[in-house]
Amino acid sequence: MADTVWRNQTVITEFTLLGFGDLPDLHILLFLLFLVIHIVTMAGNILIVVLVVVDQHLHTPMYFFLGSFSCLETCYTSTILPRMLASLLTGDRTISFSGCLTQLYFSGSLACTECYLLAAMSYDRYLAICKPLHYSVLMNTRVCLQLVAGSWFNGFLAITILVLFISQLIFCGPNKIDHFYCESTPLIKLSCGDTYLIILLDFILACVFTLPPFLLTLMSYVCIIATILRIPSTIGRQKAFSTCSSHLTVVIIFYGTIIIVYMLLKHDTLRDLSKVLSLCYTVLTPLLNPLIYSLRNREVKASLNKAISKYVIFTKICRES
């Protein structure tokens, strides 16, 4: 009986993701652009994971977190870009109610997990620079595993609670989501029922689950910068800063665009700009992660060169045999 009532109330069975629908002439160009971005993102992040696993010199806490972060980025980009590519290629912008909730669940969980992993990486750099003598004791294998496992657990827990409540909302029209993927705020706005409590819940969950890792990241870098400025030699300051500059760049891009996007969401006139900026933390950050760490990190570059050399030698041996 309850199921029958629920079906009668929920008229909407699918949504339309407006995305870049107002740019039909650019769909092929956008498809090719995002296809290249997706391939480069997947290849780059998978390469970092392989290097961290294979190269013994990269078996340190810093690179363990980097490998975990690259694995996360591989999963994150896979929740958004394939669906976007299919929409641009076929012109079909519809997504089922269950498909929308599934995309919201995984993209939201992985984004939240990213906040915690960035905080863990910041804490690792804080210990390495501010407490170098105690680093090996404080950041041991057990602590690394606990930080990574805790990041994934908290990330998925927060969105699980939100998605469970969103799944109980009544959607009876309209069904157009003004975004290129299923995101909680535009989806909640489409509900026919009272959304005050779920908006409040969304705000509380954001404060409880995402504000602490952001503050930990911020405090870590305040302490790191203060410690670096106290180093007397210029070479010493440059060496210390080089160990965290790559991570700091990713943090600024990720949090900077998220803060701007959620400020712009309050203004309907800036909705298109908000969608464009959303690409920065959903598409650009996963793309730049391997590029930033490979170009600005000596150990990763050395490991990559070693792997390329081994591959070249292996192919020569195979051809000669």
# chains A, B, ... in the order shown; residues from 1 in each chain; ligands from 1
$ closest_atom_pairs --of "range 49-120 of chain A" --to "range 133-149 of chain A" --cutoff "12 Å" --atoms "only C-alpha atoms" --output "Markdown table"
| residue | atom | partner | partner_atom | distance |
| --- | --- | --- | --- | --- |
| A:His59 | CA | A:Thr141 | CA | 10.1 |
| A:Thr60 | CA | A:Thr141 | CA | 8.8 |
| A:Pro61 | CA | A:Cys144 | CA | 6.5 |
| A:Met62 | CA | A:Cys144 | CA | 9.2 |
| A:Tyr63 | CA | A:Cys144 | CA | 10.6 |
| A:Phe64 | CA | A:Cys144 | CA | 7.8 |
| A:Phe65 | CA | A:Val148 | CA | 7.4 |
| A:Leu66 | CA | A:Val148 | CA | 10.7 |
| A:Gly67 | CA | A:Val148 | CA | 10.6 |
| A:Ser68 | CA | A:Val148 | CA | 7.4 |
| A:Phe69 | CA | A:Val148 | CA | 9.2 |
| A:Cys71 | CA | A:Val148 | CA | 11.5 |
| A:Leu72 | CA | A:Val148 | CA | 10.7 |
| A:Thr113 | CA | A:Val148 | CA | 9.1 |
| A:Glu114 | CA | A:Val148 | CA | 10.2 |
| A:Cys115 | CA | A:Val148 | CA | 11.4 |
| A:Tyr116 | CA | A:Val148 | CA | 8.3 |
| A:Leu117 | CA | A:Val148 | CA | 6.7 |
| A:Leu118 | CA | A:Val148 | CA | 10.2 |
| A:Ala119 | CA | A:Leu147 | CA | 9.4 |
| A:Ala120 | CA | A:Leu147 | CA | 6.4 |
$ residues_around --residues "Phe106 in chain A" --least-positions-apart "3" --cutoff "9 Å" --atoms "only C-alpha atoms" --output "count of residues only"
11
$ closest_residue --among "A:Ile199, A:Val312, A:Ile37, A:Ile95" --to "Thr13 in chain A" --atoms "only C-alpha atoms"
A:Ile95
$ residues_around --residues "range 245-253 of chain A" --least-positions-apart "4" --cutoff "8 Å" --atoms "only C-alpha atoms" --output "list in words"
Leu118, Met121, Ser122, Phe241, Thr257, Cys280, Tyr281, Thr285, Leu288, Asn289, Ile292, Tyr293, Arg296 and Asn297 of chain A
$ residues_around --residues "Leu190 in chain A" --least-positions-apart "6" --cutoff "10 Å" --atoms "only C-alpha atoms" --output "list in words"
Phe15, Leu169, Ile170, Phe171, Cys172, Gly173, Pro174, Asn175, Lys176 and Ile177 of chain A
$ write_last_selection --atoms "N, CA and C atoms" --output "PDB file, in the first residue's frame"
ATOM      1  N   PHE A  15      15.257  12.658 -15.162  1.00  0.00           N
ATOM      2  CA  PHE A  15      15.586  14.079 -15.199  1.00  0.00           C
ATOM      3  C   PHE A  15      16.323  14.396 -16.497  1.00  0.00           C
ATOM      4  N   LEU A 169      12.336  12.440  -1.111  1.00  0.00           N
ATOM      5  CA  LEU A 169      11.654  13.628  -1.608  1.00  0.00           C
ATOM      6  C   LEU A 169      10.680  13.275  -2.726  1.00  0.00           C
ATOM      7  N   ILE A 170       9.676  14.129  -2.931  1.00  0.00           N
ATOM      8  CA  ILE A 170       8.676  13.939  -3.982  1.00  0.00           C
ATOM      9  C   ILE A 170       9.011  14.867  -5.146  1.00  0.00           C
ATOM     10  N   PHE A 171       9.143  14.296  -6.339  1.00  0.00           N
ATOM     11  CA  PHE A 171       9.443  15.075  -7.541  1.00  0.00           C
ATOM     12  C   PHE A 171       8.267  14.937  -8.513  1.00  0.00           C
ATOM     13  N   CYS A 172       7.571  16.045  -8.770  1.00  0.00           N
ATOM     14  CA  CYS A 172       6.408  15.990  -9.660  1.00  0.00           C
ATOM     15  C   CYS A 172       6.504  17.011 -10.786  1.00  0.00           C
ATOM     16  N   GLY A 173       7.683  17.551 -11.022  1.00  0.00           N
ATOM     17  CA  GLY A 173       7.913  18.490 -12.106  1.00  0.00           C
ATOM     18  C   GLY A 173       8.215  19.880 -11.585  1.00  0.00           C
ATOM     19  N   PRO A 174       9.061  20.654 -12.303  1.00  0.00           N
ATOM     20  CA  PRO A 174       9.763  20.295 -13.532  1.00  0.00           C
ATOM     21  C   PRO A 174      10.887  19.289 -13.284  1.00  0.00           C
ATOM     22  N   ASN A 175      11.471  18.784 -14.375  1.00  0.00           N
ATOM     23  CA  ASN A 175      12.497  17.749 -14.229  1.00  0.00           C
ATOM     24  C   ASN A 175      13.818  18.140 -14.873  1.00  0.00           C
ATOM     25  N   LYS A 176      14.047  19.428 -15.066  1.00  0.00           N
ATOM     26  CA  LYS A 176      15.277  19.886 -15.717  1.00  0.00           C
ATOM     27  C   LYS A 176      16.289  20.349 -14.668  1.00  0.00           C
ATOM     28  N   ILE A 177      17.440  19.678 -14.632  1.00  0.00           N
ATOM     29  CA  ILE A 177      18.528  20.024 -13.718  1.00  0.00           C
ATOM     30  C   ILE A 177      19.512  20.906 -14.477  1.00  0.00           C
TER      31      ILE A 177
END
$ select_by_dssp --residues "range 15-119 of chain A" --states "strand (DSSP E)" --output "count of residues only"
6
$ residues_around --residues "range 305-308 of chain A" --least-positions-apart "6" --cutoff "10 Å" --atoms "only C-alpha atoms" --output "list in words"
Leu51, Val54, Asp55, Glu299 and Phe314 of chain A
$ closest_residue --among "A:Ala206, A:Glu73, A:Ser303, A:Pro186" --to "Phe254 in chain A" --atoms "only C-alpha atoms"
A:Glu73
$ residues_around --residues "Leu26 in chain A" --least-positions-apart "6" --cutoff "12 Å" --atoms "only C-alpha atoms" --output "tab-separated table (two decimals) with C-alpha atoms, in the first residue's frame"
chain	number	residue	atom	x	y	z
A	20	PHE	CA	25.78	22.60	-22.27
A	32	LEU	CA	36.57	15.86	-28.32
A	33	LEU	CA	37.93	18.24	-25.67
A	34	PHE	CA	36.48	16.30	-22.73
A	88	LEU	CA	27.44	15.32	-25.89
A	89	LEU	CA	27.82	12.55	-28.49
A	91	GLY	CA	22.34	14.36	-27.60
$ residues_around --residues "Glu183 in chain A" --least-positions-apart "5" --cutoff "10 Å" --atoms "only C-alpha atoms" --output "number ranges by chain"
A: 100-101, 103-105, 107-108, 177-178, 188
$ atom_distance --atom1 "CA of Val300 in chain A" --atom2 "CA of His38 in chain A"
21.6 Å
$ select_by_dssp --residues "range 124-315 of chain A" --states "alpha helix (DSSP H)" --output "count of residues only"
140
$ atom_distance --atom1 "CA of Leu187 in chain A" --atom2 "CA of Lys275 in chain A"
14.3 Å
$ closest_atom_pairs --of "range 125-160 of chain A" --to "range 207-228 of chain A" --cutoff "12 Å" --atoms "only C-alpha atoms" --output "tab-separated table"
residue	atom	partner	partner_atom	distance
A:Arg125	CA	A:Ile224	CA	7.8
A:Tyr126	CA	A:Ser220	CA	5.6
A:Leu127	CA	A:Ile224	CA	8.9
A:Ala128	CA	A:Ile224	CA	9.3
A:Ile129	CA	A:Ile224	CA	6.6
A:Cys130	CA	A:Thr227	CA	6.3
A:Lys131	CA	A:Thr227	CA	9.8
A:Pro132	CA	A:Thr227	CA	11.4
A:Leu147	CA	A:Pro213	CA	11.6
A:Gly150	CA	A:Pro213	CA	11.6
A:Ser151	CA	A:Pro213	CA	9.5
A:Trp152	CA	A:Phe209	CA	11.8
A:Phe153	CA	A:Phe209	CA	11.0
A:Asn154	CA	A:Phe209	CA	7.2
A:Gly155	CA	A:Phe209	CA	7.6
A:Phe156	CA	A:Phe209	CA	10.3
A:Leu157	CA	A:Phe209	CA	9.1
A:Ala158	CA	A:Phe209	CA	6.5
A:Ile159	CA	A:Phe209	CA	9.6
$ atom_distance --atom1 "CA of Phe180 in chain A" --atom2 "CA of Leu291 in chain A"
24.9 Å
